[in-house]
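J.: Next comes the structure file coords-v2.txt, holding compact mmCIF, C-alpha atoms.
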```
# COMPACT_ATOMS: atom_id res chain seq x y z
CA MET A 12 -47.95 84.90 7.69
CA GLY A 13 -49.45 81.55 8.40
CA LEU A 14 -47.94 78.13 8.78
CA ARG A 15 -45.37 76.58 6.49
CA ALA A 16 -45.88 73.25 4.81
CA THR A 17 -44.21 70.25 6.47
CA ALA A 18 -40.99 69.19 4.76
CA SER A 19 -41.16 66.15 2.54
CA GLN A 20 -39.06 63.08 3.32
CA THR A 21 -38.36 59.93 1.36
CA VAL A 22 -40.71 56.92 1.47
CA GLY A 23 -37.56 54.85 2.08
CA PRO A 24 -37.22 51.19 1.15
CA TYR A 25 -39.95 49.80 3.40
CA PHE A 26 -43.04 51.67 2.19
CA LYS A 27 -44.73 48.37 1.29
CA ILE A 28 -45.59 47.92 4.98
CA GLY A 29 -47.65 51.08 5.11
CA LEU A 30 -48.85 51.61 1.56
CA GLU A 31 -49.63 48.16 0.19
CA TRP A 32 -53.13 48.01 1.66
CA LEU A 33 -54.24 50.72 -0.79
CA ASN A 34 -52.42 49.41 -3.87
CA CYS A 35 -54.59 49.60 -6.96
CA ASP A 36 -53.47 48.41 -10.40
CA ASN A 37 -56.92 48.13 -11.90
CA LEU A 38 -58.43 51.60 -11.83
CA ALA A 39 -61.58 50.89 -13.83
CA GLY A 40 -63.74 48.00 -12.71
CA GLU A 41 -66.45 46.32 -14.74
CA GLY A 42 -69.08 48.64 -16.08
CA VAL A 43 -66.86 51.73 -16.16
CA SER A 44 -67.09 53.21 -19.65
CA GLY A 45 -64.13 54.16 -21.78
CA GLU A 46 -61.41 52.73 -23.94
CA ARG A 47 -59.52 50.10 -21.94
CA VAL A 48 -55.76 50.46 -21.78
CA THR A 49 -52.98 48.68 -19.93
CA ILE A 50 -49.91 50.78 -19.27
CA GLN A 51 -46.68 49.02 -18.44
CA GLY A 52 -43.08 50.03 -18.10
CA ARG A 53 -40.02 50.09 -15.92
CA VAL A 54 -38.18 52.57 -13.74
CA PHE A 55 -34.43 53.05 -14.30
CA ASP A 56 -31.84 54.92 -12.25
CA GLY A 57 -28.86 56.91 -13.49
CA ASP A 58 -26.84 53.75 -14.14
CA GLY A 59 -29.68 52.18 -16.11
CA VAL A 60 -30.34 49.82 -13.21
CA PRO A 61 -34.00 48.92 -12.72
CA VAL A 62 -35.47 50.50 -9.60
CA ARG A 63 -37.20 47.78 -7.65
CA ASP A 64 -38.34 49.95 -4.76
CA ALA A 65 -40.34 52.68 -6.48
CA ILE A 66 -44.06 53.28 -6.17
CA LEU A 67 -46.20 55.21 -8.65
CA GLU A 68 -49.51 56.87 -7.92
CA ILE A 69 -51.95 57.72 -10.69
CA TRP A 70 -54.63 60.40 -10.82
CA GLN A 71 -56.94 60.76 -13.77
CA ALA A 72 -60.32 61.87 -15.05
CA ASN A 73 -62.98 59.47 -16.31
CA ALA A 74 -63.79 58.87 -19.99
CA HIS A 75 -65.95 62.00 -20.04
CA GLY A 76 -63.11 64.17 -18.81
CA LYS A 77 -64.54 64.57 -15.31
CA TYR A 78 -62.57 64.21 -12.10
CA ALA A 79 -64.19 62.50 -9.10
CA HIS A 80 -63.50 65.52 -6.91
CA PRO A 81 -65.71 68.35 -5.63
CA GLU A 82 -63.59 71.01 -7.31
CA ASP A 83 -64.50 69.65 -10.73
CA THR A 84 -67.78 71.48 -11.33
CA GLN A 85 -68.01 70.65 -15.04
CA ASP A 86 -71.40 69.54 -16.25
CA LYS A 87 -70.17 66.06 -17.15
CA PRO A 88 -71.21 62.70 -15.69
CA LEU A 89 -69.34 60.88 -12.96
CA GLU A 90 -68.81 57.16 -13.36
CA PRO A 91 -70.02 55.18 -10.36
CA GLY A 92 -67.16 53.20 -8.91
CA PHE A 93 -64.45 55.09 -10.76
CA LYS A 94 -62.20 57.08 -8.42
CA GLY A 95 -59.37 57.81 -10.85
CA TYR A 96 -56.82 56.60 -8.31
CA GLY A 97 -54.05 54.05 -8.77
CA ARG A 98 -51.04 52.99 -6.69
CA VAL A 99 -48.53 50.58 -8.21
CA PRO A 100 -45.17 49.51 -6.74
CA THR A 101 -42.39 48.29 -9.01
CA THR A 102 -41.44 44.62 -9.12
CA ALA A 103 -38.04 43.00 -8.53
CA LEU A 104 -37.26 43.83 -12.18
CA GLY A 105 -38.26 47.47 -11.79
CA GLY A 106 -41.47 46.91 -13.72
CA PHE A 107 -45.00 48.15 -13.18
CA ARG A 108 -48.30 47.59 -14.93
CA PHE A 109 -51.78 48.93 -14.44
CA ALA A 110 -55.10 48.77 -16.24
CA THR A 111 -57.41 51.72 -16.67
CA ILE A 112 -59.48 53.63 -19.21
CA LYS A 113 -58.28 56.47 -21.39
CA PRO A 114 -59.55 59.68 -19.79
CA GLY A 115 -61.46 62.31 -21.70
CA PRO A 116 -60.07 65.80 -22.20
CA VAL A 117 -60.21 68.21 -19.27
CA PRO A 118 -60.06 72.01 -19.26
CA GLY A 119 -56.65 73.56 -19.67
CA PRO A 120 -55.16 77.01 -19.25
CA GLU A 121 -56.38 79.84 -21.46
CA GLY A 122 -59.77 78.33 -22.14
CA GLY A 123 -58.59 75.36 -24.17
CA GLU A 124 -58.87 71.68 -23.51
CA GLN A 125 -55.96 69.50 -22.50
CA ALA A 126 -55.15 66.33 -24.37
CA PRO A 127 -56.08 63.18 -22.43
CA HIS A 128 -53.45 62.50 -19.79
CA LEU A 129 -52.78 60.81 -16.48
CA LEU A 130 -50.92 62.45 -13.61
CA VAL A 131 -48.21 60.37 -11.99
CA SER A 132 -46.43 60.82 -8.65
CA VAL A 133 -43.16 58.93 -8.34
CA PHE A 134 -41.83 57.93 -4.92
CA MET A 135 -38.85 55.76 -4.02
CA ARG A 136 -35.91 55.35 -1.69
CA GLY A 137 -33.46 58.12 -2.56
CA VAL A 138 -36.18 60.54 -3.61
CA LEU A 139 -36.67 63.14 -0.90
CA ARG A 140 -39.69 64.82 -2.43
CA ARG A 141 -42.05 63.24 -4.86
CA MET A 142 -41.59 63.74 -8.56
CA VAL A 143 -44.57 64.56 -10.73
CA THR A 144 -45.00 63.70 -14.38
CA ARG A 145 -47.73 62.92 -16.91
CA ILE A 146 -48.61 60.14 -19.32
CA TYR A 147 -50.16 61.17 -22.66
CA PHE A 148 -51.53 58.79 -25.29
CA PRO A 149 -49.90 57.93 -28.62
CA ASP A 150 -51.36 59.18 -31.89
CA ASP A 151 -53.84 61.45 -30.18
CA PRO A 152 -54.27 64.50 -32.45
CA ARG A 153 -54.95 66.67 -29.39
CA ASN A 154 -51.36 66.23 -28.16
CA ALA A 155 -50.09 68.74 -30.72
CA ALA A 156 -52.07 71.60 -29.19
CA ASP A 157 -51.70 70.58 -25.54
CA PHE A 158 -50.67 73.58 -23.47
CA ILE A 159 -48.55 71.62 -21.00
CA LEU A 160 -46.81 69.45 -23.62
CA ASN A 161 -45.93 72.62 -25.49
CA LEU A 162 -44.11 73.97 -22.46
CA VAL A 163 -41.66 71.07 -22.82
CA GLU A 164 -38.80 71.30 -25.28
CA PRO A 165 -39.76 69.24 -28.35
CA ALA A 166 -36.92 66.73 -28.01
CA ARG A 167 -38.10 65.71 -24.53
CA ARG A 168 -41.86 65.51 -25.17
CA SER A 169 -41.66 61.86 -26.16
CA THR A 170 -40.80 60.94 -22.56
CA LEU A 171 -44.35 61.95 -21.65
CA ILE A 172 -46.15 60.02 -24.39
CA ALA A 173 -46.74 56.30 -23.96
CA LYS A 174 -45.84 54.08 -26.90
CA LYS A 175 -47.79 51.30 -28.53
CA SER A 176 -46.44 48.01 -27.35
CA GLY A 177 -46.32 44.80 -29.38
CA GLY A 178 -49.40 43.53 -31.12
CA ASP A 179 -52.04 44.39 -28.55
CA PRO A 180 -53.52 47.81 -29.34
CA GLY A 181 -54.72 48.16 -25.76
CA THR A 182 -51.24 47.85 -24.25
CA LEU A 183 -49.00 50.89 -23.96
CA GLU A 184 -45.45 51.23 -22.77
CA TRP A 185 -44.16 54.12 -20.72
CA ASN A 186 -40.93 54.16 -18.73
CA VAL A 187 -39.57 56.36 -15.97
CA ILE A 188 -35.94 57.22 -16.66
CA LEU A 189 -34.49 59.14 -13.76
CA GLN A 190 -31.31 60.48 -15.34
CA GLY A 191 -29.54 60.83 -18.68
CA THR A 192 -30.30 61.58 -22.31
CA ASP A 193 -33.79 60.12 -22.20
CA GLU A 194 -34.53 61.46 -18.74
CA THR A 195 -38.26 61.64 -18.08
CA VAL A 196 -39.67 65.15 -17.87
CA PHE A 197 -40.75 65.99 -14.36
CA PHE A 198 -42.87 69.06 -13.66
CA ASP A 199 -42.34 71.83 -11.18
CA LEU A 200 -45.55 72.54 -9.31
CA GLY A 201 -43.62 74.11 -6.49
CA LEU A 202 -43.94 70.80 -4.62
CA MET B 7 -65.07 75.80 -15.42
CA LYS B 8 -63.85 79.26 -14.71
CA ARG B 9 -60.85 79.56 -12.50
CA VAL B 10 -58.21 77.38 -11.01
CA VAL B 11 -56.65 78.48 -7.73
CA ALA B 12 -53.04 77.33 -7.60
CA TYR B 13 -51.25 75.95 -4.56
CA ARG B 14 -48.49 78.01 -3.02
CA PRO B 15 -44.84 77.32 -3.74
CA PRO B 16 -42.74 76.43 -0.70
CA TYR B 17 -40.78 79.04 1.20
CA PRO B 18 -37.11 78.85 0.19
CA GLY B 19 -35.21 76.10 1.95
CA THR B 20 -38.23 74.53 3.60
CA GLN B 21 -38.36 71.51 1.27
CA PRO B 22 -35.43 69.24 0.36
CA ASN B 23 -33.79 69.36 -3.04
CA HIS B 24 -33.96 66.18 -5.06
CA LEU B 25 -30.20 65.84 -5.01
CA HIS B 26 -28.71 65.73 -1.52
CA PRO B 27 -25.33 63.96 -1.91
CA PRO B 28 -24.89 63.05 1.79
CA TYR B 29 -27.96 60.85 1.22
CA VAL B 30 -26.18 58.53 -1.18
CA SER B 31 -29.30 56.99 -2.74
CA SER B 32 -30.29 60.39 -4.11
CA ILE B 33 -27.22 60.59 -6.35
CA LYS B 34 -28.37 58.12 -9.00
CA ARG B 35 -32.05 58.82 -8.57
CA ALA B 36 -32.46 62.59 -8.49
CA PRO B 37 -33.38 64.12 -11.85
CA THR B 38 -30.47 65.94 -13.47
CA LYS B 39 -32.47 68.17 -15.81
CA PRO B 40 -34.46 71.11 -14.52
CA GLN B 41 -38.09 70.38 -13.77
CA VAL B 42 -40.46 72.08 -16.18
CA PRO B 43 -42.63 74.70 -14.46
CA ILE B 44 -46.27 74.41 -15.45
CA PRO B 45 -49.39 76.34 -14.48
CA TYR B 46 -51.95 74.67 -12.26
CA THR B 47 -54.87 73.13 -14.10
CA LEU B 48 -57.94 71.25 -12.97
CA SER B 49 -55.80 68.09 -13.00
CA GLU B 50 -53.53 69.27 -10.17
CA VAL B 51 -56.12 70.96 -7.94
CA THR B 52 -58.26 67.84 -7.85
CA GLY B 53 -57.07 64.54 -6.43
CA PRO B 54 -58.09 61.22 -4.98
CA SER B 55 -60.43 61.46 -2.03
CA PHE B 56 -61.16 58.77 0.49
CA GLY B 57 -64.00 58.91 2.97
CA PRO B 58 -63.66 57.74 6.56
CA GLU B 59 -65.32 54.46 5.57
CA ILE B 60 -62.14 53.31 3.83
CA VAL B 61 -60.36 52.90 7.16
CA ASP B 62 -61.15 50.36 9.85
CA PRO B 63 -61.33 52.31 13.15
CA LYS B 64 -59.06 49.66 14.68
CA ALA B 65 -56.35 50.43 12.11
CA SER B 66 -55.15 53.40 14.17
CA ASP B 67 -54.02 51.10 17.00
CA LEU B 68 -50.86 49.34 15.89
CA THR B 69 -50.60 47.45 19.18
CA ARG B 70 -53.72 45.39 18.42
CA GLY B 71 -54.69 42.76 15.90
CA HIS B 72 -52.10 40.19 16.92
CA ALA B 73 -52.14 37.33 19.44
CA GLY B 74 -50.35 39.40 22.07
CA GLU B 75 -48.96 42.82 22.87
CA PRO B 76 -45.94 44.05 20.93
CA LEU B 77 -42.68 44.59 22.77
CA GLY B 78 -41.54 48.13 23.40
CA GLU B 79 -42.67 51.36 24.91
CA ARG B 80 -46.33 52.05 24.14
CA ILE B 81 -46.90 55.57 22.82
CA ILE B 82 -49.71 57.73 21.52
CA VAL B 83 -48.94 59.82 18.45
CA SER B 84 -51.54 62.46 17.69
CA GLY B 85 -51.88 65.85 16.12
CA ARG B 86 -53.73 67.91 13.59
CA VAL B 87 -53.57 68.21 9.85
CA LEU B 88 -53.86 71.85 8.79
CA ASP B 89 -53.17 73.87 5.68
CA GLU B 90 -50.80 76.84 5.61
CA ASP B 91 -53.70 79.14 6.48
CA SER B 92 -54.28 77.14 9.69
CA ARG B 93 -57.47 75.62 8.36
CA PRO B 94 -58.09 72.11 9.67
CA LEU B 95 -58.18 69.47 6.97
CA ALA B 96 -60.96 67.03 7.77
CA ASN B 97 -61.33 63.61 6.14
CA THR B 98 -57.63 63.38 5.34
CA LEU B 99 -56.27 59.86 5.04
CA VAL B 100 -53.13 59.42 7.15
CA GLU B 101 -51.05 56.28 6.59
CA ILE B 102 -48.09 55.39 8.80
CA TRP B 103 -45.45 52.69 8.89
CA GLN B 104 -42.49 52.04 11.14
CA ALA B 105 -39.89 49.65 12.52
CA ASN B 106 -40.56 47.60 15.66
CA ALA B 107 -39.05 48.40 19.06
CA ALA B 108 -35.83 46.60 18.11
CA GLY B 109 -35.38 48.70 14.97
CA ARG B 110 -36.47 46.03 12.51
CA TYR B 111 -39.04 46.39 9.75
CA LEU B 112 -41.36 43.56 8.78
CA HIS B 113 -39.99 43.62 5.23
CA ALA B 114 -37.98 41.13 3.19
CA VAL B 115 -35.35 43.75 2.32
CA ASP B 116 -34.59 44.55 5.97
CA GLN B 117 -31.77 42.22 7.00
CA HIS B 118 -30.81 44.05 10.19
CA GLU B 119 -29.83 41.53 12.85
CA ALA B 120 -32.57 42.47 15.25
CA PRO B 121 -35.57 40.35 16.10
CA LEU B 122 -38.93 40.59 14.40
CA ASP B 123 -41.87 40.88 16.77
CA PRO B 124 -44.70 38.46 15.98
CA ASN B 125 -47.07 40.91 17.61
CA PHE B 126 -46.14 43.94 15.54
CA THR B 127 -46.66 44.70 11.87
CA GLY B 128 -45.94 48.43 11.97
CA CYS B 129 -48.70 49.68 9.69
CA GLY B 130 -51.60 52.00 10.58
CA GLN B 131 -54.24 54.23 9.05
CA ALA B 132 -56.54 56.97 10.27
CA VAL B 133 -58.80 59.60 8.78
CA THR B 134 -58.83 63.07 10.34
CA ASP B 135 -61.95 64.31 12.11
CA ALA B 136 -63.75 67.61 11.54
CA GLU B 137 -60.97 69.49 13.39
CA GLY B 138 -58.25 67.79 11.37
CA ARG B 139 -57.24 65.56 14.28
CA TYR B 140 -55.74 62.09 14.04
CA ARG B 141 -54.49 59.71 16.74
CA PHE B 142 -52.44 56.52 16.66
CA VAL B 143 -51.51 54.08 19.40
CA THR B 144 -48.23 52.34 18.67
CA ILE B 145 -44.84 51.54 20.18
CA ARG B 146 -41.76 53.68 19.95
CA PRO B 147 -39.73 52.43 16.97
CA GLY B 148 -36.09 51.53 17.47
CA GLU B 149 -33.13 53.19 15.81
CA TYR B 150 -31.40 51.02 13.24
CA PRO B 151 -28.21 50.90 11.17
CA TRP B 152 -28.17 51.51 7.43
CA ARG B 153 -25.46 51.50 4.82
CA ASN B 154 -25.40 55.10 3.72
CA HIS B 155 -21.95 55.70 5.24
CA TYR B 156 -19.67 54.14 7.86
CA ASN B 157 -21.51 53.55 11.14
CA ALA B 158 -24.70 55.13 9.83
CA TRP B 159 -27.80 54.90 12.05
CA ARG B 160 -31.27 56.22 11.39
CA PRO B 161 -32.85 58.09 14.28
CA ALA B 162 -36.14 56.62 15.49
CA HIS B 163 -38.86 57.72 13.11
CA ILE B 164 -42.36 57.00 11.87
CA HIS B 165 -43.22 57.37 8.17
CA PHE B 166 -46.32 59.43 7.35
CA SER B 167 -48.26 59.61 4.09
CA LEU B 168 -51.14 62.08 3.55
CA PHE B 169 -53.32 62.70 0.53
CA GLY B 170 -54.75 66.09 1.42
CA PRO B 171 -57.41 67.90 -0.60
CA ALA B 172 -55.70 67.70 -4.01
CA PHE B 173 -52.99 66.01 -6.03
CA ALA B 174 -50.88 69.11 -5.37
CA ALA B 175 -51.15 68.75 -1.60
CA ARG B 176 -49.90 65.15 -1.30
CA LEU B 177 -47.25 64.76 1.40
CA VAL B 178 -44.94 61.93 2.44
CA THR B 179 -42.69 62.64 5.40
CA GLN B 180 -41.15 61.22 8.57
CA MET B 181 -41.71 62.08 12.21
CA TYR B 182 -38.82 62.05 14.69
CA PHE B 183 -38.65 61.97 18.49
CA PRO B 184 -37.41 64.80 20.71
CA GLY B 185 -33.98 64.33 22.23
CA ASP B 186 -32.86 61.59 19.83
CA PRO B 187 -29.04 61.97 19.69
CA LEU B 188 -28.91 60.60 16.14
CA ILE B 189 -31.00 63.36 14.58
CA PRO B 190 -28.17 65.86 13.91
CA PHE B 191 -26.21 63.18 12.02
CA ASP B 192 -29.02 61.92 9.80
CA PRO B 193 -28.64 62.92 6.12
CA ILE B 194 -32.34 62.37 5.44
CA PHE B 195 -33.39 64.65 8.30
CA ASN B 196 -30.72 67.15 7.24
CA SER B 197 -31.86 67.21 3.60
CA THR B 198 -34.07 70.21 4.37
CA ALA B 199 -31.85 73.30 4.44
CA ASP B 200 -33.99 75.47 6.68
CA GLU B 201 -33.32 74.61 10.31
CA LYS B 202 -36.76 75.54 11.58
CA ALA B 203 -38.44 73.55 8.82
CA ARG B 204 -36.26 70.56 9.72
CA ASN B 205 -37.01 70.82 13.38
CA ARG B 206 -40.73 70.80 12.70
CA LEU B 207 -40.27 67.13 11.79
CA ILE B 208 -39.51 66.41 15.44
CA SER B 209 -42.60 65.59 17.47
CA ALA B 210 -43.14 67.12 20.91
CA PHE B 211 -43.61 65.18 24.12
CA ASP B 212 -47.17 65.90 25.20
CA TRP B 213 -48.54 65.59 28.75
CA GLU B 214 -52.04 66.28 27.49
CA THR B 215 -52.25 63.09 25.50
CA THR B 216 -50.12 61.00 27.85
CA LEU B 217 -52.27 58.34 29.50
CA PRO B 218 -51.41 57.69 33.17
CA GLU B 219 -50.09 54.18 33.82
CA HIS B 220 -50.33 53.40 30.11
CA ALA B 221 -48.56 55.41 27.38
CA LEU B 222 -46.51 58.54 26.69
CA GLY B 223 -47.99 61.03 24.25
CA TYR B 224 -46.20 62.67 21.34
CA ARG B 225 -47.72 65.45 19.31
CA PHE B 226 -47.02 65.92 15.62
CA ASP B 227 -48.94 68.42 13.52
CA LEU B 228 -48.76 68.17 9.75
CA ILE B 229 -49.12 71.20 7.51
CA LEU B 230 -50.18 70.75 3.89
CA ARG B 231 -49.70 73.42 1.27
CA GLY B 232 -52.17 76.30 1.13
CA ARG B 233 -53.78 77.97 -1.87
CA GLN B 234 -52.67 81.09 -3.64
CA ALA B 235 -54.79 84.12 -2.92
CA THR B 236 -55.60 84.92 -6.51
CA PRO B 237 -57.09 82.52 -9.01
CA MET B 238 -55.40 81.91 -12.33
CA GLU B 239 -57.49 82.52 -15.42
CA GLU B 240 -58.40 79.37 -17.28
```
What would you get if you wrote out this structure as structure tokens?

T.:
Amino acid sequence: MGLRATASQTVGPYFKIGLEWLNCDNLAGEGVSGERVTIQGRVFDGDGVPVRDAILEIWQANAHGKYAHPEDTQDKPLEPGFKGYGRVPTTALGGFRFATIKPGPVPGPEGGEQAPHLLVSVFMRGVLRRMVTRIYFPDDPRNAADFILNLVEPARRSTLIAKKSGGDPGTLEWNVILQGTDETVFFDLGL
Amino acid sequence: MKRVVAYRPPYPGTQPNHLHPPYVSSIKRAPTKPQVPIPYTLSEVTGPSFGPEIVDPKASDLTRGHAGEPLGERIIVSGRVLDEDSRPLANTLVEIWQANAAGRYLHAVDQHEAPLDPNFTGCGQAVTDAEGRYRFVTIRPGEYPWRNHYNAWRPAHIHFSLFGPAFAARLVTQMYFPGDPLIPFDPIFNSTADEKARNRLISAFDWETTLPEHALGYRFDLILRGRQATPMEE
């Protein structure tokens, strides 16, 4: 057999020193097409205490449902200047906020399309290997048939779907709850 | 789109569990419900890519960019980034951060009573070349106390962050130094059950990259997950 993947270790409390230079809380600059959304929320630990030293990374397709990556060979347009990458640390109150566009649907297992979603990696002190989750969009009729959402027990699916927030239709709320009844669903990709 | 080739699951014991009680911070932060297994889709086998142009070539030398030289023992940390099939991973962004020679981070949260060094920030970046190679010039970080348990000290280490070819291949880890007496007592190092996998986090002293009259070399190769042999039907 070949080599074995290097073991993961925590980012620790001081990741700001090394990771801040590539922070990105505005994924879609001017001229990028798509429905503008701002996603905000907080990260809470098992005692309900806000986590002020977490960092989230986002990966998403553009509004056409195309990833800016060579392995996406779909015949769909790329958006110049849109990488689909975000990196957002939490604040002293455990909050985060980023602006982007709602992605289009991308291919899913068994020939279907997936509902629009963002991938999220969650890192923080105390987390020895990154946790992976997804953000889906509220009131999207495609959620009901989404292959991945349907692998999650119905009572927990809501942790993956952002909620409308206040009066602004472009602002969504989505929280990361690390433990307890409303614990966020994290996915096993064998990471 | 036809097929998605998944990434391989880890060999048993070679990655830490989320909950590792000796590392106290994991207790209130590790998920308590089982993670939901999902098949790989296009979303997971793609991922952010950064070309070499994103990194300033000077960013791989952590001893420069200040008015003077940092205190401490100058070292060269280099190695290769490969996948589990020994294929070199070119154009991989490598980010590092570390404490200064006194064991102090340039961070508001770090209140360790050790001096900051005005000539050291502790942050570097590099992009791997066609053979998957990277190289940093830095100083050996100091050990430092932390509050995990009574008289707890972290071994000297450098934090590494790598994107790799896909979302699935992302890696954040820490590199240790050979012969550090604190390593066997460190709950973060010990969070990986498999002894060989753990010990691969310890760099090797390296004559080949040691520069006479200037700096000791340490070698640290990083292995990112490989692909499954057979594609999954989409």

J.: Skipping near chain neighbours, those fewer than 4 positions away, what residues fall within 6 Å of A:Pro116 using only C-alpha atoms, listed as a PyMOL selection string?

T.: chain A and resi 76+125-127

J.: Please, what distance in Å, to one decimal, runs between atom CA of B:Arg93 and atom CA of B:Gly232?

T.: 9.0 Å

J.: For atom CA of A:Asp151 and atom CA of A:Pro180, quote the distance in Å rounded to one decimal.

T.: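 Computing the Euclidean distance for atom CA of A:Asp151 and atom CA of A:Pro180 yields 13.7 Å.
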
J.: Please list, as a PyMOL selection string, the residues that have an atom at most 8 Å away from (-59.2, 69.6, 9.6) in the coordinates of this file, counting all atoms listed in the file.

T.: chain B and resi 86-88+93-98+134-139

J.: With C-alpha atoms kept, could you save the residues just selected as a compact mmCIF listing (two decimals), in the frame of the given file?

T.:
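Generated output (out-v8.txt):
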```txt
# COMPACT_ATOMS: atom_id res chain seq x y z
CA ARG B 86 -53.73 67.91 13.59
CA VAL B 87 -53.57 68.21 9.85
CA LEU B 88 -53.86 71.85 8.79
CA ARG B 93 -57.47 75.62 8.36
CA PRO B 94 -58.09 72.11 9.67
CA LEU B 95 -58.18 69.47 6.97
CA ALA B 96 -60.96 67.03 7.77
CA ASN B 97 -61.33 63.61 6.14
CA THR B 98 -57.63 63.38 5.34
CA THR B 134 -58.83 63.07 10.34
CA ASP B 135 -61.95 64.31 12.11
CA ALA B 136 -63.75 67.61 11.54
CA GLU B 137 -60.97 69.49 13.39
CA GLY B 138 -58.25 67.79 11.37
CA ARG B 139 -57.24 65.56 14.28
```

J.: Select, as a PyMOL selection string, those residues of chain A with any atom no more than 7 Å from chain B (distances computed using all atoms listed in the file).

T.: chain A and resi 13-22+25+28-29+56-58+70+80+82+84-85+94-96+118-122+136-140+159+163+189-190+196-202

J.: For the atom pair atom CA of A:Tyr78 and atom CA of A:Thr102, what is the interatomic distance in Å to one decimal place?

T.: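 Those two atoms sit 29.0 Å apart.
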
J.: Select stretch 135-153 of chain A in the preceding structure and write N, CA and C atoms to a file as a PDB file, in the first residue's frame.

T.:
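And here is the file that came out, out-v8.pdb:
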```pdb
ATOM      1  N   MET A 135     -11.815  25.028  15.057  1.00  0.00           N
ATOM      2  CA  MET A 135     -11.680  25.837  16.277  1.00  0.00           C
ATOM      3  C   MET A 135     -10.764  25.106  17.252  1.00  0.00           C
ATOM      4  N   ARG A 136     -10.318  25.869  18.252  1.00  0.00           N
ATOM      5  CA  ARG A 136      -9.634  25.244  19.383  1.00  0.00           C
ATOM      6  C   ARG A 136     -10.546  24.152  19.942  1.00  0.00           C
ATOM      7  N   GLY A 137      -9.999  23.018  20.293  1.00  0.00           N
ATOM      8  CA  GLY A 137     -10.808  21.933  20.836  1.00  0.00           C
ATOM      9  C   GLY A 137     -11.319  20.970  19.784  1.00  0.00           C
ATOM     10  N   VAL A 138     -11.219  21.351  18.522  1.00  0.00           N
ATOM     11  CA  VAL A 138     -11.665  20.473  17.438  1.00  0.00           C
ATOM     12  C   VAL A 138     -10.431  19.921  16.744  1.00  0.00           C
ATOM     13  N   LEU A 139     -10.238  18.613  16.888  1.00  0.00           N
ATOM     14  CA  LEU A 139      -8.999  17.985  16.436  1.00  0.00           C
ATOM     15  C   LEU A 139      -9.004  17.680  14.948  1.00  0.00           C
ATOM     16  N   ARG A 140     -10.191  17.465  14.396  1.00  0.00           N
ATOM     17  CA  ARG A 140     -10.280  17.337  12.936  1.00  0.00           C
ATOM     18  C   ARG A 140     -11.490  18.105  12.489  1.00  0.00           C
ATOM     19  N   ARG A 141     -11.381  18.722  11.368  1.00  0.00           N
ATOM     20  CA  ARG A 141     -12.420  19.668  10.954  1.00  0.00           C
ATOM     21  C   ARG A 141     -13.766  18.984  10.861  1.00  0.00           C
ATOM     22  N   MET A 142     -14.803  19.764  11.076  1.00  0.00           N
ATOM     23  CA  MET A 142     -16.160  19.265  10.940  1.00  0.00           C
ATOM     24  C   MET A 142     -16.742  19.872   9.672  1.00  0.00           C
ATOM     25  N   VAL A 143     -17.541  19.066   8.986  1.00  0.00           N
ATOM     26  CA  VAL A 143     -18.061  19.465   7.683  1.00  0.00           C
ATOM     27  C   VAL A 143     -19.572  19.470   7.730  1.00  0.00           C
ATOM     28  N   THR A 144     -20.176  20.556   7.274  1.00  0.00           N
ATOM     29  CA  THR A 144     -21.628  20.616   7.217  1.00  0.00           C
ATOM     30  C   THR A 144     -22.044  21.369   5.955  1.00  0.00           C
ATOM     31  N   ARG A 145     -23.341  21.609   5.818  1.00  0.00           N
ATOM     32  CA  ARG A 145     -23.861  22.296   4.635  1.00  0.00           C
ATOM     33  C   ARG A 145     -24.886  23.341   5.053  1.00  0.00           C
ATOM     34  N   ILE A 146     -25.028  24.358   4.248  1.00  0.00           N
ATOM     35  CA  ILE A 146     -26.097  25.341   4.418  1.00  0.00           C
ATOM     36  C   ILE A 146     -27.000  25.254   3.184  1.00  0.00           C
ATOM     37  N   TYR A 147     -28.279  24.945   3.423  1.00  0.00           N
ATOM     38  CA  TYR A 147     -29.297  24.995   2.367  1.00  0.00           C
ATOM     39  C   TYR A 147     -30.127  26.266   2.546  1.00  0.00           C
ATOM     40  N   PHE A 148     -30.983  26.541   1.562  1.00  0.00           N
ATOM     41  CA  PHE A 148     -31.717  27.813   1.549  1.00  0.00           C
ATOM     42  C   PHE A 148     -33.192  27.593   1.882  1.00  0.00           C
ATOM     43  N   PRO A 149     -33.779  28.526   2.635  1.00  0.00           N
ATOM     44  CA  PRO A 149     -35.165  28.346   3.076  1.00  0.00           C
ATOM     45  C   PRO A 149     -36.141  28.428   1.900  1.00  0.00           C
ATOM     46  N   ASP A 150     -37.210  27.700   2.017  1.00  0.00           N
ATOM     47  CA  ASP A 150     -38.313  27.763   1.044  1.00  0.00           C
ATOM     48  C   ASP A 150     -37.884  27.389  -0.368  1.00  0.00           C
ATOM     49  N   ASP A 151     -36.819  26.650  -0.502  1.00  0.00           N
ATOM     50  CA  ASP A 151     -36.442  26.213  -1.844  1.00  0.00           C
ATOM     51  C   ASP A 151     -37.120  24.868  -2.101  1.00  0.00           C
ATOM     52  N   PRO A 152     -37.986  24.805  -3.116  1.00  0.00           N
ATOM     53  CA  PRO A 152     -38.745  23.556  -3.338  1.00  0.00           C
ATOM     54  C   PRO A 152     -37.841  22.359  -3.632  1.00  0.00           C
ATOM     55  N   ARG A 153     -36.606  22.617  -4.045  1.00  0.00           N
ATOM     56  CA  ARG A 153     -35.697  21.510  -4.371  1.00  0.00           C
ATOM     57  C   ARG A 153     -35.163  20.821  -3.124  1.00  0.00           C
TER      58      ARG A 153
END
```
